[in-house]
file run11.cif (mmCIF, C-alpha atoms and all ligand atoms)
data_start
loop_
_atom_site.label_atom_id
_atom_site.label_comp_id
_atom_site.auth_asym_id
_atom_site.auth_seq_id
_atom_site.Cartn_x
_atom_site.Cartn_y
_atom_site.Cartn_z
CA MET A 1 -23.09 -19.67 -15.86
CA GLY A 2 -26.43 -19.48 -14.18
CA ALA A 3 -29.05 -16.79 -13.76
CA PRO A 4 -28.21 -13.14 -13.13
CA ILE A 5 -27.29 -12.32 -9.55
CA ARG A 6 -28.79 -9.73 -7.26
CA THR A 7 -26.50 -6.73 -6.78
CA LEU A 8 -26.27 -3.89 -4.27
CA SER A 9 -28.76 -2.03 -6.45
CA ASP A 10 -31.39 -4.65 -5.59
CA VAL A 11 -31.27 -4.45 -1.79
CA ASP A 12 -32.70 -1.93 0.61
CA VAL A 13 -30.06 -1.05 3.19
CA VAL A 14 -31.15 2.27 4.71
CA GLY A 15 -31.09 1.98 8.48
CA ARG A 16 -30.30 -1.71 8.25
CA VAL A 17 -27.49 -3.83 9.54
CA VAL A 18 -25.73 -5.50 6.61
CA PHE A 19 -23.48 -8.51 7.10
CA VAL A 20 -20.73 -8.29 4.49
CA ARG A 21 -18.54 -11.30 3.76
CA VAL A 22 -15.26 -9.88 2.51
CA ASP A 23 -12.03 -11.53 1.41
CA PHE A 24 -9.41 -9.93 3.63
CA ASN A 25 -7.12 -12.96 3.45
CA VAL A 26 -4.03 -10.74 3.12
CA PRO A 27 -0.38 -11.68 3.59
CA LEU A 28 0.85 -10.82 7.11
CA GLU A 29 4.33 -10.60 8.51
CA ASP A 30 4.81 -10.14 12.25
CA GLY A 31 1.25 -8.91 12.53
CA VAL A 32 1.62 -6.29 9.76
CA VAL A 33 -0.39 -6.35 6.53
CA GLN A 34 2.10 -6.77 3.66
CA ASP A 35 -0.25 -6.19 0.71
CA ASP A 36 -3.60 -4.49 1.31
CA GLY A 37 -4.87 -5.06 -2.24
CA ARG A 38 -7.72 -7.27 -1.08
CA ILE A 39 -8.85 -4.74 1.52
CA ARG A 40 -8.76 -1.93 -1.07
CA ALA A 41 -10.78 -4.06 -3.46
CA ALA A 42 -13.75 -4.12 -1.06
CA ILE A 43 -13.73 -0.38 -0.29
CA PRO A 44 -16.20 0.66 -3.03
CA THR A 45 -18.83 -1.76 -1.71
CA LEU A 46 -18.29 -0.72 1.91
CA LYS A 47 -18.36 3.02 1.10
CA GLU A 48 -21.50 2.63 -0.97
CA LEU A 49 -23.28 0.77 1.84
CA LEU A 50 -22.21 3.32 4.47
CA GLY A 51 -23.20 6.17 2.15
CA ARG A 52 -26.65 4.63 1.78
CA GLY A 53 -27.11 4.54 5.55
CA ALA A 54 -26.22 0.97 6.45
CA THR A 55 -24.52 -0.36 9.56
CA LEU A 56 -21.82 -2.88 8.68
CA VAL A 57 -20.76 -6.17 10.23
CA LEU A 58 -17.81 -7.63 8.30
CA MET A 59 -16.35 -11.07 8.30
CA SER A 60 -13.41 -12.74 6.54
CA HIS A 61 -11.11 -15.68 6.87
CA LEU A 62 -7.38 -15.11 7.27
CA GLY A 63 -4.88 -17.90 6.64
CA ARG A 64 -5.70 -21.48 7.46
CA PRO A 65 -5.92 -21.71 11.25
CA LYS A 66 -7.10 -24.99 12.76
CA GLY A 67 -8.75 -23.11 15.64
CA PRO A 68 -8.10 -19.84 17.48
CA ASP A 69 -4.60 -18.67 16.54
CA ARG A 70 -3.02 -15.53 17.97
CA ALA A 71 -0.96 -14.98 14.81
CA LEU A 72 -4.09 -14.83 12.65
CA VAL A 73 -6.42 -12.46 14.52
CA MET A 74 -8.13 -9.76 12.45
CA ALA A 75 -6.70 -6.84 14.50
CA PRO A 76 -4.12 -5.65 11.91
CA VAL A 77 -6.70 -5.99 9.15
CA ALA A 78 -9.29 -3.96 11.09
CA GLU A 79 -6.69 -1.26 11.66
CA ARG A 80 -5.72 -1.04 7.98
CA LEU A 81 -9.38 -1.07 6.97
CA GLY A 82 -10.05 1.89 9.28
CA GLU A 83 -7.24 3.85 7.59
CA LEU A 84 -8.55 3.06 4.11
CA LEU A 85 -12.20 3.77 4.95
CA GLY A 86 -11.43 6.87 6.98
CA VAL A 87 -13.79 5.80 9.77
CA PRO A 88 -13.13 3.88 12.99
CA VAL A 89 -13.54 0.12 12.71
CA ARG A 90 -14.82 -1.66 15.81
CA TYR A 91 -12.94 -4.84 16.58
CA LEU A 92 -12.86 -7.08 19.61
CA ARG A 93 -10.69 -10.11 19.93
CA THR A 94 -13.23 -12.80 20.71
CA GLU A 95 -13.36 -16.53 21.13
CA GLY A 96 -14.50 -16.72 17.54
CA PRO A 97 -17.54 -16.64 15.28
CA GLY A 98 -20.84 -16.89 17.08
CA SER A 99 -19.35 -16.73 20.59
CA ALA A 100 -21.25 -14.99 23.39
CA ASP A 101 -18.73 -12.14 23.59
CA GLU A 102 -19.01 -11.60 19.85
CA GLN A 103 -22.81 -11.50 19.99
CA ALA A 104 -22.74 -8.86 22.73
CA PHE A 105 -20.14 -6.79 20.84
CA VAL A 106 -22.15 -6.80 17.62
CA ALA A 107 -25.34 -5.86 19.47
CA ALA A 108 -23.58 -2.81 20.97
CA GLY A 109 -22.69 -1.34 17.55
CA GLU A 110 -24.21 2.10 16.90
CA PRO A 111 -26.15 2.82 13.70
CA GLY A 112 -23.69 3.60 10.90
CA SER A 113 -20.79 1.85 12.65
CA VAL A 114 -18.40 -0.69 11.09
CA THR A 115 -17.62 -3.85 13.05
CA MET A 116 -14.94 -6.34 12.00
CA LEU A 117 -15.59 -9.82 13.36
CA GLU A 118 -12.88 -12.33 14.26
CA ASN A 119 -11.36 -14.76 11.72
CA THR A 120 -14.14 -17.08 10.49
CA ARG A 121 -11.82 -20.05 10.47
CA PHE A 122 -11.30 -19.93 14.23
CA ASP A 123 -14.49 -22.00 14.32
CA SER A 124 -14.35 -25.39 12.61
CA ARG A 125 -18.10 -25.14 11.96
CA GLU A 126 -17.38 -22.50 9.29
CA THR A 127 -15.90 -24.85 6.70
CA LYS A 128 -18.56 -27.47 7.48
CA ASN A 129 -21.26 -24.93 6.58
CA ASP A 130 -22.82 -25.68 9.95
CA PRO A 131 -26.44 -24.43 10.07
CA ALA A 132 -26.21 -23.45 13.77
CA LEU A 133 -23.28 -21.13 13.03
CA ALA A 134 -25.08 -19.72 9.99
CA ARG A 135 -28.11 -18.94 12.18
CA VAL A 136 -26.01 -16.99 14.69
CA LEU A 137 -24.33 -15.02 11.90
CA ALA A 138 -27.72 -14.29 10.34
CA SER A 139 -28.98 -12.99 13.70
CA TYR A 140 -26.39 -10.17 13.48
CA ALA A 141 -27.95 -8.49 10.47
CA ASP A 142 -30.98 -7.64 8.34
CA ALA A 143 -29.30 -8.34 5.00
CA TYR A 144 -26.31 -10.20 3.59
CA VAL A 145 -23.83 -9.01 0.97
CA ASN A 146 -21.04 -11.19 -0.40
CA ASP A 147 -18.02 -9.38 -1.80
CA ALA A 148 -15.58 -12.26 -1.22
CA PHE A 149 -15.22 -13.60 -4.75
CA GLY A 150 -12.03 -15.42 -3.74
CA SER A 151 -14.08 -17.60 -1.36
CA ALA A 152 -17.13 -18.08 -3.56
CA HIS A 153 -16.10 -21.57 -4.68
CA ARG A 154 -16.51 -22.81 -1.11
CA ALA A 155 -19.86 -23.59 0.53
CA HIS A 156 -19.05 -22.35 4.03
CA ALA A 157 -21.28 -20.92 6.77
CA SER A 158 -20.18 -17.33 6.01
CA THR A 159 -20.34 -17.70 2.21
CA GLU A 160 -23.36 -19.89 1.67
CA GLY A 161 -25.23 -20.96 4.81
CA VAL A 162 -25.87 -17.44 6.13
CA ALA A 163 -26.78 -16.15 2.66
CA ARG A 164 -29.77 -18.50 2.58
CA LEU A 165 -31.18 -17.00 5.76
CA LEU A 166 -31.21 -13.30 4.80
CA PRO A 167 -32.14 -11.05 1.87
CA ASN A 168 -28.88 -11.18 -0.09
CA ALA A 169 -26.87 -9.64 -2.90
CA ALA A 170 -23.42 -9.54 -4.45
CA GLY A 171 -21.12 -6.65 -3.59
CA ARG A 172 -19.59 -4.51 -6.34
CA LEU A 173 -16.34 -6.49 -6.42
CA MET A 174 -18.18 -9.81 -6.72
CA GLU A 175 -20.35 -8.29 -9.44
CA ALA A 176 -17.31 -7.02 -11.38
CA GLU A 177 -15.53 -10.38 -11.11
CA ILE A 178 -18.51 -12.30 -12.43
CA ARG A 179 -19.05 -9.84 -15.24
CA ALA A 180 -15.38 -9.85 -16.30
CA LEU A 181 -14.94 -13.62 -16.21
CA GLY A 182 -18.40 -14.20 -17.67
CA ARG A 183 -17.47 -12.08 -20.67
CA LEU A 184 -14.74 -14.63 -21.50
CA LEU A 185 -17.24 -17.47 -21.51
CA LYS A 186 -20.01 -15.66 -23.35
CA ARG A 187 -19.18 -14.90 -26.97
CA PRO A 188 -15.61 -13.60 -26.53
CA GLU A 189 -14.36 -11.34 -29.32
CA ARG A 190 -11.99 -13.30 -31.57
CA PRO A 191 -9.26 -14.25 -31.83
CA PHE A 192 -9.38 -15.38 -28.19
CA ALA A 193 -6.07 -16.50 -26.69
CA VAL A 194 -5.53 -18.27 -23.38
CA VAL A 195 -2.10 -18.18 -21.76
CA LEU A 196 -1.54 -20.78 -19.06
CA GLY A 197 1.49 -21.25 -16.87
CA GLY A 198 2.28 -22.08 -13.30
CA SER A 199 3.40 -25.27 -11.75
CA LYS A 200 0.85 -28.01 -12.22
CA VAL A 201 -1.14 -29.44 -15.11
CA SER A 202 -3.38 -31.07 -12.51
CA ASP A 203 -4.39 -27.63 -11.12
CA LYS A 204 -5.33 -26.25 -14.51
CA ILE A 205 -6.59 -29.23 -16.47
CA GLY A 206 -10.27 -28.41 -15.92
CA VAL A 207 -9.74 -24.93 -17.30
CA ILE A 208 -7.66 -26.11 -20.24
CA ARG A 209 -10.31 -28.64 -21.22
CA HIS A 210 -13.17 -26.15 -20.95
CA LEU A 211 -11.32 -23.36 -22.75
CA LEU A 212 -10.28 -25.62 -25.65
CA ASP A 213 -13.89 -25.30 -26.75
CA LEU A 214 -13.81 -21.51 -26.61
CA ALA A 215 -10.30 -20.33 -27.43
CA ASP A 216 -8.58 -19.95 -30.80
CA ARG A 217 -5.06 -20.12 -29.39
CA VAL A 218 -3.72 -21.73 -26.23
CA LEU A 219 -0.20 -20.85 -25.06
CA ILE A 220 1.31 -23.07 -22.39
CA GLY A 221 4.39 -22.12 -20.36
CA GLY A 222 5.66 -22.56 -16.82
CA ALA A 223 6.57 -25.92 -15.36
CA MET A 224 3.38 -27.30 -16.92
CA ALA A 225 5.00 -27.15 -20.35
CA TYR A 226 7.55 -29.82 -19.40
CA THR A 227 4.87 -32.38 -18.63
CA PHE A 228 3.60 -31.80 -22.17
CA GLU A 229 7.12 -32.09 -23.62
CA LEU A 230 7.78 -35.28 -21.66
CA ALA A 231 4.48 -36.76 -22.85
CA ARG A 232 5.47 -36.00 -26.46
CA GLY A 233 8.72 -37.89 -25.93
CA GLY A 234 10.96 -34.89 -25.30
CA GLU A 235 13.91 -34.74 -22.92
CA VAL A 236 13.31 -32.25 -20.14
CA GLY A 237 16.37 -32.80 -17.92
CA ALA A 238 15.63 -32.08 -14.29
CA SER A 239 12.66 -29.80 -15.02
CA ARG A 240 9.65 -30.08 -12.77
CA VAL A 241 7.11 -32.48 -14.25
CA GLU A 242 4.04 -34.41 -13.14
CA ALA A 243 4.78 -37.86 -14.50
CA ASP A 244 1.22 -39.06 -13.81
CA GLN A 245 -0.29 -36.28 -15.94
CA GLN A 246 1.31 -37.30 -19.25
CA GLU A 247 -1.79 -39.09 -20.49
CA VAL A 248 -3.88 -36.03 -19.69
CA ALA A 249 -1.38 -33.82 -21.52
CA LEU A 250 -1.59 -36.03 -24.62
CA GLN A 251 -5.39 -35.85 -24.53
CA VAL A 252 -5.18 -32.06 -24.44
CA LEU A 253 -2.81 -32.02 -27.44
CA GLN A 254 -5.15 -34.32 -29.37
CA GLY A 255 -8.19 -32.30 -28.31
CA ALA A 256 -6.60 -29.09 -29.55
CA GLU A 257 -5.82 -30.65 -32.89
CA ALA A 258 -9.33 -32.07 -33.28
CA LYS A 259 -10.89 -28.71 -32.41
CA GLY A 260 -8.59 -26.67 -34.65
CA VAL A 261 -7.14 -24.77 -31.69
CA SER A 262 -3.53 -23.75 -32.13
CA LEU A 263 -1.67 -24.94 -29.04
CA LEU A 264 1.75 -23.43 -28.50
CA LEU A 265 4.44 -24.80 -26.21
CA PRO A 266 7.66 -22.85 -25.57
CA VAL A 267 10.19 -23.76 -28.30
CA ASP A 268 13.07 -22.96 -25.99
CA SER A 269 13.71 -22.60 -22.27
CA THR A 270 16.08 -20.70 -20.04
CA CYS A 271 17.70 -23.38 -17.88
CA ALA A 272 19.95 -23.67 -14.85
CA ALA A 273 21.36 -26.40 -12.63
CA GLU A 274 19.87 -24.85 -9.51
CA LEU A 275 17.25 -22.31 -8.62
CA ARG A 276 19.07 -19.29 -7.23
CA GLU A 277 19.11 -15.61 -8.04
CA GLY A 278 21.82 -14.73 -10.56
CA VAL A 279 22.79 -18.39 -11.22
CA PRO A 280 24.51 -19.06 -14.63
CA THR A 281 21.87 -19.90 -17.26
CA SER A 282 21.76 -21.45 -20.71
CA VAL A 283 19.07 -21.68 -23.37
CA HIS A 284 17.99 -25.05 -24.80
CA ALA A 285 15.21 -26.43 -26.95
CA SER A 286 12.43 -27.33 -24.51
CA ASP A 287 12.44 -30.96 -25.72
CA ALA A 288 16.22 -31.32 -25.45
CA ILE A 289 17.16 -30.04 -22.02
CA PRO A 290 20.44 -31.64 -20.89
CA ASP A 291 20.55 -33.92 -17.86
CA GLY A 292 20.87 -32.01 -14.61
CA LEU A 293 19.42 -28.77 -15.98
CA MET A 294 15.95 -27.44 -15.21
CA GLY A 295 13.79 -25.35 -17.47
CA LEU A 296 12.98 -22.38 -15.27
CA ASP A 297 11.57 -19.89 -17.78
CA ILE A 298 10.40 -19.73 -21.38
CA GLY A 299 13.37 -18.84 -23.61
CA PRO A 300 13.93 -15.86 -25.96
CA ARG A 301 12.52 -17.58 -29.05
CA ALA A 302 9.48 -18.73 -27.10
CA ILE A 303 8.92 -15.17 -25.88
CA ARG A 304 8.89 -13.95 -29.51
CA ALA A 305 6.56 -16.76 -30.59
CA PHE A 306 4.17 -16.10 -27.70
CA ARG A 307 4.17 -12.36 -28.50
CA ASP A 308 3.41 -13.10 -32.15
CA ALA A 309 0.58 -15.42 -31.16
CA LEU A 310 -0.94 -12.72 -28.96
CA ASP A 311 -0.59 -10.08 -31.62
CA GLY A 312 -3.98 -9.21 -33.08
CA CYS A 313 -5.94 -11.08 -30.42
CA ARG A 314 -9.10 -9.33 -29.23
CA THR A 315 -9.56 -11.30 -26.00
CA VAL A 316 -6.85 -12.78 -23.75
CA PHE A 317 -7.07 -14.68 -20.49
CA TRP A 318 -3.84 -15.37 -18.61
CA ASN A 319 -3.36 -17.61 -15.60
CA GLY A 320 -0.06 -18.75 -14.13
CA PRO A 321 3.48 -17.32 -14.42
CA LEU A 322 5.54 -18.59 -17.37
CA GLY A 323 8.62 -19.18 -15.27
CA VAL A 324 9.86 -19.02 -11.69
CA PHE A 325 9.14 -15.29 -11.64
CA GLU A 326 10.00 -14.97 -7.94
CA THR A 327 13.69 -15.56 -8.75
CA PRO A 328 15.37 -13.29 -11.35
CA PRO A 329 16.37 -13.76 -14.12
CA PHE A 330 13.57 -16.35 -14.44
CA ASP A 331 10.99 -13.56 -14.34
CA THR A 332 11.98 -12.49 -17.87
CA GLY A 333 9.35 -14.45 -19.77
CA THR A 334 6.54 -13.57 -17.36
CA ARG A 335 7.45 -9.88 -17.52
CA ALA A 336 7.72 -9.90 -21.31
CA ILE A 337 4.31 -11.51 -21.73
CA ALA A 338 2.79 -9.20 -19.11
CA GLN A 339 4.14 -6.24 -21.12
CA ALA A 340 2.78 -7.70 -24.34
CA LEU A 341 -0.63 -8.20 -22.76
CA ALA A 342 -0.68 -4.65 -21.44
CA GLY A 343 0.04 -3.29 -24.92
CA LEU A 344 -2.69 -5.22 -26.75
CA ASP A 345 -5.84 -3.67 -28.13
CA ALA A 346 -7.85 -6.47 -26.54
CA TYR A 347 -10.03 -7.35 -23.58
CA THR A 348 -7.49 -8.74 -21.10
CA VAL A 349 -8.16 -10.70 -17.92
CA VAL A 350 -5.60 -12.11 -15.51
CA GLY A 351 -6.58 -14.69 -12.90
CA GLY A 352 -4.54 -16.53 -10.30
CA GLY A 353 -2.77 -15.36 -7.18
CA ASP A 354 0.76 -15.57 -8.52
CA SER A 355 -0.11 -14.18 -11.94
CA GLY A 356 -1.86 -11.23 -10.30
CA ALA A 357 1.21 -10.64 -8.13
CA ALA A 358 3.42 -10.72 -11.26
CA ILE A 359 1.22 -8.09 -12.93
CA ARG A 360 1.34 -5.87 -9.87
CA ALA A 361 5.12 -6.34 -9.49
CA ALA A 362 5.54 -5.19 -13.08
CA GLY A 363 3.35 -2.14 -12.37
CA LEU A 364 0.95 -3.10 -15.15
CA GLU A 365 -2.32 -3.48 -13.27
CA ALA A 366 -3.83 -0.32 -14.82
CA SER A 367 -3.21 -1.62 -18.36
CA ILE A 368 -5.09 -4.89 -17.82
CA ASP A 369 -8.88 -4.82 -18.04
CA HIS A 370 -9.42 -7.10 -15.08
CA VAL A 371 -7.05 -8.67 -12.55
CA SER A 372 -9.10 -11.20 -10.64
CA THR A 373 -8.88 -11.31 -6.85
CA GLY A 374 -9.87 -14.96 -6.84
CA GLY A 375 -7.38 -17.65 -7.85
CA GLY A 376 -9.24 -20.91 -7.31
CA ALA A 377 -12.63 -19.25 -7.72
CA SER A 378 -11.75 -17.73 -11.11
CA LEU A 379 -10.46 -21.08 -12.36
CA GLU A 380 -13.58 -22.94 -11.21
CA LEU A 381 -15.79 -20.36 -12.89
CA LEU A 382 -13.84 -20.76 -16.14
CA GLU A 383 -14.14 -24.53 -15.85
CA GLY A 384 -17.84 -23.87 -16.27
CA ARG A 385 -18.63 -24.86 -12.70
CA THR A 386 -21.28 -23.26 -10.52
CA LEU A 387 -19.80 -21.56 -7.48
CA PRO A 388 -21.94 -22.18 -4.37
CA GLY A 389 -21.30 -18.67 -3.02
CA VAL A 390 -22.56 -17.22 -6.32
CA ALA A 391 -25.48 -19.59 -6.94
CA VAL A 392 -27.09 -18.49 -3.68
CA LEU A 393 -27.12 -14.86 -4.93
CA GLU A 394 -28.93 -15.70 -8.15
CA ALA A 395 -32.16 -13.86 -8.68
P1 LIG A 401 -1.28 -18.91 -10.07
O1 LIG A 401 -1.21 -18.67 -8.59
O2 LIG A 401 -1.11 -17.63 -10.86
O3 LIG A 401 -2.49 -19.69 -10.46
P2 LIG A 401 0.37 -21.26 -9.88
O4 LIG A 401 0.17 -21.25 -8.40
O5 LIG A 401 -0.25 -22.32 -10.67
O6 LIG A 401 -0.02 -19.80 -10.47
O7 LIG A 401 1.90 -21.38 -10.20
C1 LIG A 401 2.84 -20.44 -9.74
C2 LIG A 401 4.14 -21.10 -9.45
O8 LIG A 401 4.65 -21.81 -10.59
C3 LIG A 401 5.18 -20.07 -9.08
O9 LIG A 401 5.58 -20.28 -7.75
C4 LIG A 401 6.33 -20.35 -10.05
O10 LIG A 401 7.59 -20.25 -9.46
C5 LIG A 401 6.04 -21.76 -10.50
N1 LIG A 401 6.69 -22.04 -11.80
C6 LIG A 401 6.48 -21.42 -12.98
N2 LIG A 401 7.30 -21.92 -13.93
C7 LIG A 401 8.06 -22.87 -13.34
C8 LIG A 401 9.11 -23.74 -13.80
N3 LIG A 401 9.53 -23.70 -15.06
N4 LIG A 401 9.66 -24.58 -12.88
C9 LIG A 401 9.22 -24.62 -11.61
N5 LIG A 401 8.24 -23.82 -11.13
C10 LIG A 401 7.67 -22.96 -11.98
MG MG A 402 -0.59 -19.94 -6.96
#
call {"tool": "encode", "arguments": {"input": "run11.cif", "output": "C-alpha cells", "more": "lines below"}}
Ligand code: ADP
Ligand code: MG
result
Amino acid sequence: MGAPIRTLSDVDVVGRVVFVRVDFNVPLEDGVVQDDGRIRAAIPTLKELLGRGATLVLMSHLGRPKGPDRALVMAPVAERLGELLGVPVRYLRTEGPGSADEQAFVAAGEPGSVTMLENTRFDSRETKNDPALARVLASYADAYVNDAFGSAHRAHASTEGVARLLPNAAGRLMEAEIRALGRLLKRPERPFAVVLGGSKVSDKIGVIRHLLDLADRVLIGGAMAYTFELARGGEVGASRVEADQQEVALQVLQGAEAKGVSLLLPVDSTCAAELREGVPTSVHASDAIPDGLMGLDIGPRAIRAFRDALDGCRTVFWNGPLGVFETPPFDTGTRAIAQALAGLDAYTVVGGGDSGAAIRAAGLEASIDHVSTGGGASLELLEGRTLPGVAVLEA
C-alpha cells in the first residue's frame, strides 16, 4: 500500500459545498430498496460533514445502466437516505450527470442542504473518466470526499477524475476500509488464516497468490475447491470446475508447499444431483464424487477440519461462501464457519459481496471486526494493487 491518505480531519468544510462520492449501489426490487446497508455505511461521514457546516452534493452509481434507465433512477435511494439522515434530501430526476438541468438544480441548493444527483452511469463519460465530465462535477463543489470504497478500484470521472480537480479526502468509511484491510497486509498477528470460497479460482487467484506470502494457513472451499481436486487427479462428478484453471491450481499447491503454508481443501463434500432446496443429499470424499453428483457444500468432516485450523488463529480473512449458501441445506458449511469466525479471539475481516451477505444473514455482523463493503475493491487491495480511487487521496 502507498502513502497515508487524507481524511475528513484534514479538510476544511465549514460553509463549503462538498461533493461526496458514495456507494449507494443497493439492491432494488420494483423501485424499493431491499437492503440499505450501503446507505447506512455512509451515514457517519455525511452526518459529520453536515455537523461541521458543509453543504452536500452526493453522487453514486446504481446498477449497470447503458444510459438513462427509468428502473435505475436514484429516487428511492434519495428517499431512504432522507429517512436515515433525518433531513430532507433534494433530488431531481435529470438527464444525467453534468446536464444543464442538473447544474441549475445543484446551484439552487441552500447552505446546509443535501442534494442527491442522478445515477452516474447514465452518462457513458463516467466510466471513461472523461475530463469534461470531471470538470462539470468539480464545478459543483469546493471540496471532494470519497466514501465509495466499493468503487475505488475503478478510475472513473466521479471516483478519480473529479478528485484531481478539488481539495480531497477519504470519508470515514473509506478510511475504515483501508485501515482494516491494510492491517491484514502489514504485520498481521499470527497465526494468520485465509479462508477462500466462492465460485471461481480465476476471480481469486491474484489474492491467493499474494496471500500465500503472508498467511500461515489457507483454507479453500466453495466450487473453487473442485478445480483443485480435479487438478490433483481427483474425481469431482458434476461439480462446477474451471478446467482451464487446473495449471494455476497446481502452481498454488506447489507454492504453498514451497512457502511452508498449510493449504487445506475440504476432505468431504455434501453432494446432490441437482441444486434445489431440500433435495436429497449424500456426503462423499471431495476427490471421489460419483458421476452425476455435484459438490455443493463442504461436508461435516471438512467443517471440523476447517474449525480446527481456525482454532488459535489471531488473524483471519474470509472471502467467498464455502457452498451454495443461497440454497439450504448447502448453507451449512458457510454458516458453521461464520459461527466459528465469530467466536474466535482474533482480528477477523470478511470481504466479498456474497460472503458479507452470508454474515449478515447469520446475524453475525457484530461479532466480526470488519465486514468490507467492497467486493472487487477489497480483493484488489489484498492482491497488493494500488486502487486509483485511493491513490488520488494520498497525502
Ligand atoms: P463473494 O461475492 O463473497 O466474493 P463469489 O461471488 O466468488 O463470492 O462466489 C459466490 C458464489 O459461489 C455463490 O453464488 C455460491 O452459490 C457459489 N458457490 C459456492 N460454492 C459452490 C459450489 N460448491 N458449487 C457451485 N457454486 C458454489
Ligand atoms: Mg459475488
call {"tool": "residues_near_ligand", "arguments": {"input": "run11.cif", "ligand": "ligand MG 402 (chain A)", "cutoff": "9 Å", "atoms": "only C-alpha atoms and all ligand atoms", "output": "ChimeraX atom specification"}}
result
/A:198-199,320-321,352-355,375-376
call {"tool": "closest_residue", "arguments": {"input": "run11.cif", "among": "A:Arg209, A:Arg232, A:Gly37, A:Leu344", "to": "Ala357 in chain A", "atoms": "all atoms listed in the file"}}
result
A:Gly37
call {"tool": "residues_near_ligand", "arguments": {"input": "run11.cif", "ligand": "ligand LIG 401 (chain A)", "cutoff": "10 Å", "atoms": "all atoms listed in the file", "output": "PyMOL selection string"}}
result
chain A and resi 196-204+221-226+238-241+269-271+275+294-298+318-327+330-331+333-334+350-358+374-376+378-379
call {"tool": "closest_residue", "arguments": {"input": "run11.cif", "among": "A:Glu380, A:Val18, A:Arg135, A:Pro290", "to": "Ile205 in chain A", "atoms": "all atoms listed in the file"}}
result
A:Glu380
call {"tool": "closest_residue", "arguments": {"input": "run11.cif", "among": "A:Arg307, A:Arg190, A:Arg80, A:Arg276", "to": "Arg38 in chain A", "atoms": "all atoms listed in the file"}}
result
A:Arg80
call {"tool": "build_atoms", "arguments": {"input": "run11.cif", "residues": "range 346-357 of chain A", "atoms": "N, CA, C and O atoms", "output": "compact mmCIF listing (two decimals), in the coordinates of the input"}}
result
# COMPACT_ATOMS: atom_id res chain seq x y z
N ALA A 346 -7.04 -5.28 -26.77
CA ALA A 346 -7.85 -6.47 -26.54
C ALA A 346 -8.47 -6.38 -25.16
O ALA A 346 -8.05 -5.56 -24.33
N TYR A 347 -9.47 -7.24 -24.92
CA TYR A 347 -10.03 -7.35 -23.58
C TYR A 347 -9.16 -8.36 -22.83
O TYR A 347 -9.05 -9.52 -23.23
N THR A 348 -8.48 -7.89 -21.77
CA THR A 348 -7.49 -8.74 -21.10
C THR A 348 -7.89 -9.02 -19.65
O THR A 348 -8.25 -8.11 -18.91
N VAL A 349 -7.81 -10.28 -19.28
CA VAL A 349 -8.16 -10.70 -17.92
C VAL A 349 -7.04 -11.58 -17.38
O VAL A 349 -6.57 -12.49 -18.07
N VAL A 350 -6.61 -11.29 -16.17
CA VAL A 350 -5.60 -12.11 -15.51
C VAL A 350 -6.20 -12.71 -14.26
O VAL A 350 -6.82 -12.01 -13.46
N GLY A 351 -6.07 -14.03 -14.10
CA GLY A 351 -6.58 -14.69 -12.90
C GLY A 351 -5.47 -15.49 -12.26
O GLY A 351 -4.52 -15.88 -12.94
N GLY A 352 -5.58 -15.74 -10.97
CA GLY A 352 -4.54 -16.53 -10.30
C GLY A 352 -3.72 -15.66 -9.38
O GLY A 352 -3.34 -14.55 -9.77
N GLY A 353 -3.47 -16.15 -8.19
CA GLY A 353 -2.77 -15.36 -7.18
C GLY A 353 -1.39 -14.94 -7.63
O GLY A 353 -1.02 -13.76 -7.55
N ASP A 354 -0.61 -15.89 -8.13
CA ASP A 354 0.76 -15.57 -8.52
C ASP A 354 0.81 -14.73 -9.78
O ASP A 354 1.65 -13.84 -9.91
N SER A 355 -0.09 -14.99 -10.72
CA SER A 355 -0.11 -14.18 -11.94
C SER A 355 -0.49 -12.74 -11.62
O SER A 355 0.10 -11.80 -12.16
N GLY A 356 -1.46 -12.58 -10.71
CA GLY A 356 -1.86 -11.23 -10.30
C GLY A 356 -0.69 -10.50 -9.64
O GLY A 356 -0.44 -9.33 -9.92
N ALA A 357 0.05 -11.23 -8.80
CA ALA A 357 1.21 -10.64 -8.13
C ALA A 357 2.26 -10.21 -9.16
O ALA A 357 2.88 -9.16 -9.04
